[in-house]
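Step one of this worksheet: look at the structure below.
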Amino acid sequence: MSTAPPVTGGARNASLCVLMSQTTSQLERPRILTGDTPTGALHLGHWVGSLENRVRLQDEYECYFLLANMHAFTTRADTPGDIRRDTIEIVCDWLAAGIDPERSCVVLQTEVPAIAELSWFFAMLLPFNRVMRNPTLKTEIDSKGLGDKYSFGFPMYAVGQCADILAFRPVCVPVGEDQVAHIEMCREVARRFNQMYCGVDPKTEDADYPGAGGLFPIPQALVGRVARLVGVDGVQKMSKSLGNAVLLSDDPKTVKKKINRIFTGRQSPTEPGDTSNALFQWVEAFVPDAGRVAELKDKYARGADIGDGHIKAEVADCVNALLEPMRERRKAFEGEAGERKVIEIIRDGTARANAVAEETLWNAKRSMGLDFFARDLRAR
Ligand code: TRP
């Protein structure tokens with residue numbers, strides 16, 4: 001890439017951007033990127049909200065799964081040891097869930113310098129007030145009780161997330177519903193960059209940006225089949241901190257016990273039940289056979305002698321059947337030897353990710369007239 005002709009100025013770079021995006025799309029599978037902030041063990045809400053999609057998409061797409069450990073520091077800078085532990089743990093969850101490190105890259109955010117650099121450039125493309133109006137940030141400030149004491153870096157993470165994504169020029173970002181506002185901001189950044197530095201006409205349709213000379217595709221959010229899984233308290237969205245979560249790492253007995261807690265308020269097996277209640281959200285989410293789901297619904301609605309306990313036991317069996325292969329796969333990553341394997345997987349995935357992210361950064365800099373000379377950093 002260092003042999004590319006020097007180019008300076010915005011509009012003149014249009015043809016170059018076309019060239020890059022065409023070569024990448026012709027030679028490789030389309031990319032997806034997504035990630036998690038390491039905050040502790042993953043649960044069933046993560047599975048139906050996004051993880052399940054990721055596992056499935058590995059066949060068709062070149063996948064990058066990002067460990068957003070930098071973002072963990074935006075609210076927990078005082079507990080680096082916990083963040084390190086959570087980072088390893090989340091990789092174990094991913095691998096157990098079926099993320100295959102041979103096919104997909106597990107990427108450590110803090111070792112992809114291009115992300116940090118792009119974050120700065122993107123911060124200049126977003127009005128300050130636009131970032132602060134981001135509804136996901138606002139919700140988080142409330143739910144985490146951050147008040148007005150949050151760090152400068154906290155809202156910056158939303159800008160950083162645009163860079164996480166665009167560094168890989170993905171067509172799609174599989175996420176939970178709560179992340180859609182971030183993806184929308186990322187799409188705005190991508191459009192603006194393409195218009196400002198690649199000479200793309202602002203009237204261009206989203207899908208046509210790469211063809212019109214844009215460096216960045218306008219990525220689409222892909223939300224999982226269950227946007228909001230209710231926890232075993234039967235009321236709130238599943239969340240580890242609320243204590244209403246079934247973890248992917250729970251053993252069969254714990255799963256049974258937790259699912260038994262789902263409260264419906266129904267008094268007897270012959271009382272006609274409400275099939276939109278919390279328990280039936282679980283039936284819909286985890287009983288794989290659609291015919292059986294319909295049958296359960298019908299009986300429940302009629303109060304045809306079917307108790308909540310019976311249904312809970314059936315749901316628990318289905319959840320355990322889902323988690324069993326995960327328990328098997330997890331064994332390979334337990335203990336110190338397991339942790340060494342995990343770190344090796346992260347190292348390998350991050351190396352492959354850096355090749356892509358550096359290519360993006362170089363093209364972005366070239367579009368911005370920042371290609372004074374190729375990157376030539378040396379450590380001593
Ligand atoms: N903010 C996301 C979360 O907390 C994690 C994340 C960071 C992410 N970078 C990303 C998700 C890029 C999708 C794409 O879950």
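Simple scheme: letters A, B, ... for chains in structure tokens order, numbers from 1 for residues in each chain, numbers from 1 for ligands in the order shown.
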| What residues have any atom no more than 10 Å from ligand 1 when counting only C-alpha atoms and all ligand atoms, and can you list them as a ChimeraX atom specification? | /A:32-39,46,50,64-72,109,136-137,140,157-166,172-180,182-183,186,221
| task | From the DSSP assignment of the backbone, select every residue of range 113-302 of chain A that is alpha helix (DSSP H), and format the answer as number ranges by chain. | result | A: 113-123, 128-132, 135-143, 153-166, 180-198, 252-260, 278-286, 290-302
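Minimum atom-to-atom distances from A:Met156, A:Arg191, A:Arg302, A:Ala353 to Trp120 in chain A were compared using only C-alpha atoms, and the lowest value belongs to A:Met156.
For the pair CA of Phe286 in chain A and CA of Arg31 in chain A, the interatomic distance is 28.6 Å.
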| query | So which bits of range 119-205 of chain A end up strand (DSSP E or B) when you DSSP the backbone, as an MDAnalysis selection string? | reply | chainID A and resid 172:175
Residues from the last selection, N, CA and C atoms, saved as a short mmCIF file (atom, residue, chain, number, x, y, z; two decimals), in the first residue's frame:
data_model
loop_
_atom_site.label_atom_id
_atom_site.label_comp_id
_atom_site.auth_asym_id
_atom_site.auth_seq_id
_atom_site.Cartn_x
_atom_site.Cartn_y
_atom_site.Cartn_z
N CYS A 172 -22.89 -5.11 8.02
CA CYS A 172 -23.94 -5.41 8.99
C CYS A 172 -23.35 -5.53 10.40
N VAL A 173 -24.16 -5.12 11.38
CA VAL A 173 -23.73 -5.16 12.78
C VAL A 173 -24.82 -5.87 13.61
N PRO A 174 -24.62 -7.14 13.95
CA PRO A 174 -25.64 -7.84 14.76
C PRO A 174 -25.57 -7.39 16.22
N VAL A 175 -26.65 -6.79 16.69
CA VAL A 175 -26.66 -6.22 18.05
C VAL A 175 -28.01 -6.44 18.72
#
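Nearest residue to Phe280 in chain A, choosing from A:Val315, A:Ala337, A:Ala379, A:Val246 and counting only C-alpha atoms: A:Val315.
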| remark: Here CA of Ile115 in chain A and CA of Asn194 in chain A stand apart by 17.6 Å
Could you list, as a short mmCIF file (atom, residue, chain, number, x, y, z; two decimals) with C-alpha atoms, in the first residue's frame, every residue within 12 Å of Glu336 in chain A, counting only C-alpha atoms and ignoring same-chain residues fewer than 6 positions away?
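In the end it all went to selection-v6.cif:
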data_model
loop_
_atom_site.label_atom_id
_atom_site.label_comp_id
_atom_site.auth_asym_id
_atom_site.auth_seq_id
_atom_site.Cartn_x
_atom_site.Cartn_y
_atom_site.Cartn_z
CA ILE A 88 -11.22 -13.44 29.46
CA VAL A 342 -7.92 -17.94 25.16
CA ILE A 343 -5.13 -15.36 25.09
#
| task | Find, counting only C-alpha atoms, the residue in A:Ile259, A:Ala285, A:Ala181, A:Ile346 that gets nearest to Leu247 in chain A. | result | A:Ile259
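Restricting the calculation to only C-alpha atoms, the smallest distance between Cys92 in chain A and any of A:Glu334, A:Glu328, A:Glu188, A:Glu205 is found for A:Glu334.
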| task | Please identify all polymer residues within 7 Å of Pro217 in chain A, counting only C-alpha atoms, omitting same-chain residues fewer than 2 positions from it, and present them as a VMD selection string. | result | chain A and resid 169 to 171 209 to 210 215 219
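Distances from A:Gly234, A:Gly303, A:Gly147, A:Gly265 to Ala278 in chain A were compared using only C-alpha atoms, and the smallest one belongs to A:Gly234.
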| request: Just the residues within 7 Å of Arg225 in chain A, please, counting only C-alpha atoms, with nothing from its chain fewer than 2 positions along; format it as an MDAnalysis selection string. | output: chainID A and resid 48:49 223 227
| Nearest to Phe152 in chain A: which of A:Asp298, A:Leu222, A:Phe73, A:Phe216 is it, counting only C-alpha atoms? | A:Phe73
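All residues of protein, DNA or RNA that reach within 10 Å of Val255 in chain A, judged by only C-alpha atoms and not counting those fewer than 2 positions away in the chain, are Ala245, Val246, Leu247, Leu248, Ser249, Asp250, Asp251, Pro252, Lys253, Lys257, Lys258, Ile259, Asn260, Val315, Ala316, Asp317, Val319, Asn320 and Leu323 of chain A.
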| Surrounding residues of range 266-272 of chain A excluding itself and chain neighbours under 3 positions, 9 Å, only C-alpha atoms, as JSON, numbers by chain | {"A": [263, 299, 300, 301, 302, 303, 304, 305, 306, 307, 308]}
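Interatomic distance, CA of Gln281 in chain A to CA of Arg261 in chain A: 14.2 Å.
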